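These notes are about the structure you will find just below.
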Amino acid sequence: MADRPLRVAVDGRELTGSPTGVGRYLGALLERWGRGDSDAPRFQVIVPRAEPAGADRFGPQVEWIVERAGRGGTAWEQTRLRQVVTRLAPDVFFAPGYTAPLALPCPLVLAVHDVSFFAHPEWYRPREGFRRRLLTRASARQSRAIVTISEFSRREILRYLGVPAERVHLAYCGAPPIDADAAPSDREPLVLFVGSLFNRRHVPETIQGFARAVEVVPDARLVFVGDNRTSPRIEPEAMARTLGVGTQVEWRRYVSDAELDDLYRRARVFVFVSDYEGFALTPAEALARGVAPILADTEVAHEIYAGGARFVPPTPESIGRAMIELLSDADACRRVVDKGQDAISRFSWEECADKVAHLLAAVAAQ
């Protein structure tokens, strides 16, 4: 290996389709890794069916390996993906989303963003929760190193996965560049939620809180963006109709990056009241564009966002009061944004990519 660049195989399935959390995380890393010169590591990214849209943005050090059989689920992971990795014989394999093929023929570095399915199994359907716990634990035990995205998640991994502390490494996610010209006082009274809809993210309480806010700010609007993964199923627009705010609440399953950027630049308030996250990227995206967030009062939210949010318990009353304040008080909104932008300025995708790349090289050299 000393006379050639490091070769890293990567599970790239989360980049296909409509990328969300893990896909956006991996995309940010590959954009940095792909810019290297000819002596830099080479990343062979394995995807099912076809290259992702916009694959050319990742640079010359990223090579796409298309495995056309299967759709990228667990069966594909444990059979076809393992076969491709065996054929490629890389120096190290990077699995960016919790699980990896078992019995790999090369060292493994595994990214585990959170362990909600261990900490709160009641949030998952029994079969789905069992699958996640089984494969994540098995993948963690065969890995040479685990990378995670917050100190909170690092402690949770040690608590639930039973791996040695020296194998768990912290590399905070990055945040987008801060738009210094984005002024929240110039915005329409739009409240925005971006992220998959899970029960732990308190969609009903958010809508109920918004209905209270409309009594004070009658022209306010609430837009949800994200796949609906609630179970039991929650229908945001139907719930809004029962509360008399149906014309002011909208749900969009997925939007393009350009549409999402437009929503961020129009919104005055961002709401993401979640009981459990590893980092929560979308509030950072909102803050970078001048949107004041309302977050659940949790340990990880304080770790990442410091004083740069309104931290609330997940009740309609508390969420509604925070919405009213930030929609009505431009000075309060500006103070939250200023503190939040200071908080997220600590996080860099370049630093994250460098840390993970160094970890991959160290594992390959063992």
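Convention: chains lettered A, B, ... in structure tokens order; per-chain residue numbering from 1; ligands numbered from 1 as shown.
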
**OP:** Mind listing the strand (DSSP E) residues of region 142-282 of chain A, per DSSP on the backbone, as JSON, numbers by chain?
**Re:** {"A": [145, 146, 147, 148, 168, 169, 170, 190, 191, 192, 193, 194, 221, 222, 223, 224, 225, 249, 250, 251, 252, 269, 270, 271, 272]}

Subject >> Near-Ile294 (chain A) list (12 Å; only C-alpha atoms; drop same-chain fewer than 6 positions) as a PyMOL selection string >> reply: chain A and resi 191-193+201+206+209+268-274+282-284+286-287+301-302+305+307-314+318-327+333+336-337+340

Original post:
For Gln248 (chain A), which of A:Pro101, A:Pro52, A:Gly72, A:Pro189 is the closest residue, counting only C-alpha atoms?
Top reply: A:Pro189

Which residues, written as an mmCIF file with N, CA, C and O atoms, in the first residue's frame, have at least one atom at most 9 Å from Ala89 (chain A), with only C-alpha atoms counted and residues fewer than 2 positions away on the same chain left out?
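Listed below is the output, out_17.cif:
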```cif
data_model
loop_
_atom_site.group_PDB
_atom_site.id
_atom_site.type_symbol
_atom_site.label_atom_id
_atom_site.label_comp_id
_atom_site.auth_asym_id
_atom_site.auth_seq_id
_atom_site.Cartn_x
_atom_site.Cartn_y
_atom_site.Cartn_z
ATOM 1 N N ARG A 7 -6.949 2.908 -0.939
ATOM 2 C CA ARG A 7 -8.209 2.612 -1.628
ATOM 3 C C ARG A 7 -9.286 2.317 -0.592
ATOM 4 O O ARG A 7 -9.149 1.393 0.206
ATOM 5 N N ALA A 9 -13.318 1.554 -0.097
ATOM 6 C CA ALA A 9 -14.641 1.231 -0.631
ATOM 7 C C ALA A 9 -15.692 1.835 0.294
ATOM 8 O O ALA A 9 -15.520 1.866 1.520
ATOM 9 N N VAL A 84 -19.224 -7.373 -3.978
ATOM 10 C CA VAL A 84 -18.489 -6.312 -4.669
ATOM 11 C C VAL A 84 -17.266 -5.899 -3.862
ATOM 12 O O VAL A 84 -16.173 -5.707 -4.412
ATOM 13 N N VAL A 85 -17.411 -5.764 -2.556
ATOM 14 C CA VAL A 85 -16.270 -5.394 -1.715
ATOM 15 C C VAL A 85 -15.185 -6.464 -1.799
ATOM 16 O O VAL A 85 -13.986 -6.162 -1.902
ATOM 17 N N THR A 86 -15.582 -7.714 -1.782
ATOM 18 C CA THR A 86 -14.605 -8.808 -1.898
ATOM 19 C C THR A 86 -13.856 -8.713 -3.222
ATOM 20 O O THR A 86 -12.632 -8.881 -3.284
ATOM 21 N N ARG A 87 -14.565 -8.418 -4.297
ATOM 22 C CA ARG A 87 -13.922 -8.304 -5.608
ATOM 23 C C ARG A 87 -12.977 -7.108 -5.679
ATOM 24 O O ARG A 87 -11.880 -7.192 -6.232
ATOM 25 N N ASP A 91 -8.441 -1.359 0.801
ATOM 26 C CA ASP A 91 -7.646 -1.330 2.028
ATOM 27 C C ASP A 91 -8.529 -1.185 3.261
ATOM 28 O O ASP A 91 -8.159 -1.631 4.348
ATOM 29 N N VAL A 92 -9.683 -0.556 3.094
ATOM 30 C CA VAL A 92 -10.612 -0.344 4.200
ATOM 31 C C VAL A 92 -11.991 -0.077 3.600
ATOM 32 O O VAL A 92 -12.106 0.425 2.476
ATOM 33 N N PRO A 105 -14.039 -8.957 4.090
ATOM 34 C CA PRO A 105 -12.657 -9.403 3.922
ATOM 35 C C PRO A 105 -11.635 -8.299 4.161
ATOM 36 O O PRO A 105 -10.450 -8.487 3.866
ATOM 37 N N CYS A 106 -12.065 -7.139 4.667
ATOM 38 C CA CYS A 106 -11.156 -6.016 4.881
ATOM 39 C C CYS A 106 -11.573 -5.283 6.148
ATOM 40 O O CYS A 106 -12.673 -5.485 6.666
#
```

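We find CA of Glu299 (chain A) and CA of Gly162 (chain A) to be spaced 21.6 Å apart.
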
Subject >> Near-region 169-186 of chain A list (9 Å; only C-alpha atoms; drop same-chain fewer than 5 positions) as a ChimeraX atom specification >> reply: /A:25,28,145-151,153-154,265-269,279,281,284-285,287-292,327,329-331,333-334,337,341,344-353,355-356,359

Original post:
Which residues, written as a ChimeraX atom specification, have at least one atom at most 12 Å from Asp114 (chain A), with only C-alpha atoms counted and residues fewer than 5 positions away on the same chain left out?
Top reply: /A:21-22,97-98,119-120,132-133,136,146-161,276-280,300

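Taking CA of Ile46 (chain A) as the reference point, CA of Ser139 (chain A) is found at 17.9 Å.
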
Subject >> Shell of 10 Å around Pro236 (chain A), only C-alpha atoms, local chain residues under 4 positions omitted, as number ranges by chain >> reply: A: 197, 203-204, 206-207, 223-224, 228, 240-241, 246, 249-251

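Compared by their closest atoms to Pro90 (chain A), and using only C-alpha atoms, the residues A:Val45, A:Ile304, A:Ala69, A:Leu26 rank with A:Val45 nearest.
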
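Neighbours of Gly34 (chain A) closer than or equal to 9 Å, with only C-alpha atoms counted and sequence neighbours fewer than 4 positions away skipped, come out as Leu29, Leu30, Ala40, Pro41, Arg42, Phe43, Arg57, Phe58, Gly59, Pro60, Gln61 and Val62 of chain A.
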
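In this comparison, which uses only C-alpha atoms, the residue of A:Val363, A:Val10, A:Leu135, A:Val168 approaching Ala95 (chain A) most closely is A:Val10.
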
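Here CA of Leu108 (chain A) and CA of Arg144 (chain A) stand 5.6 Å from one another.
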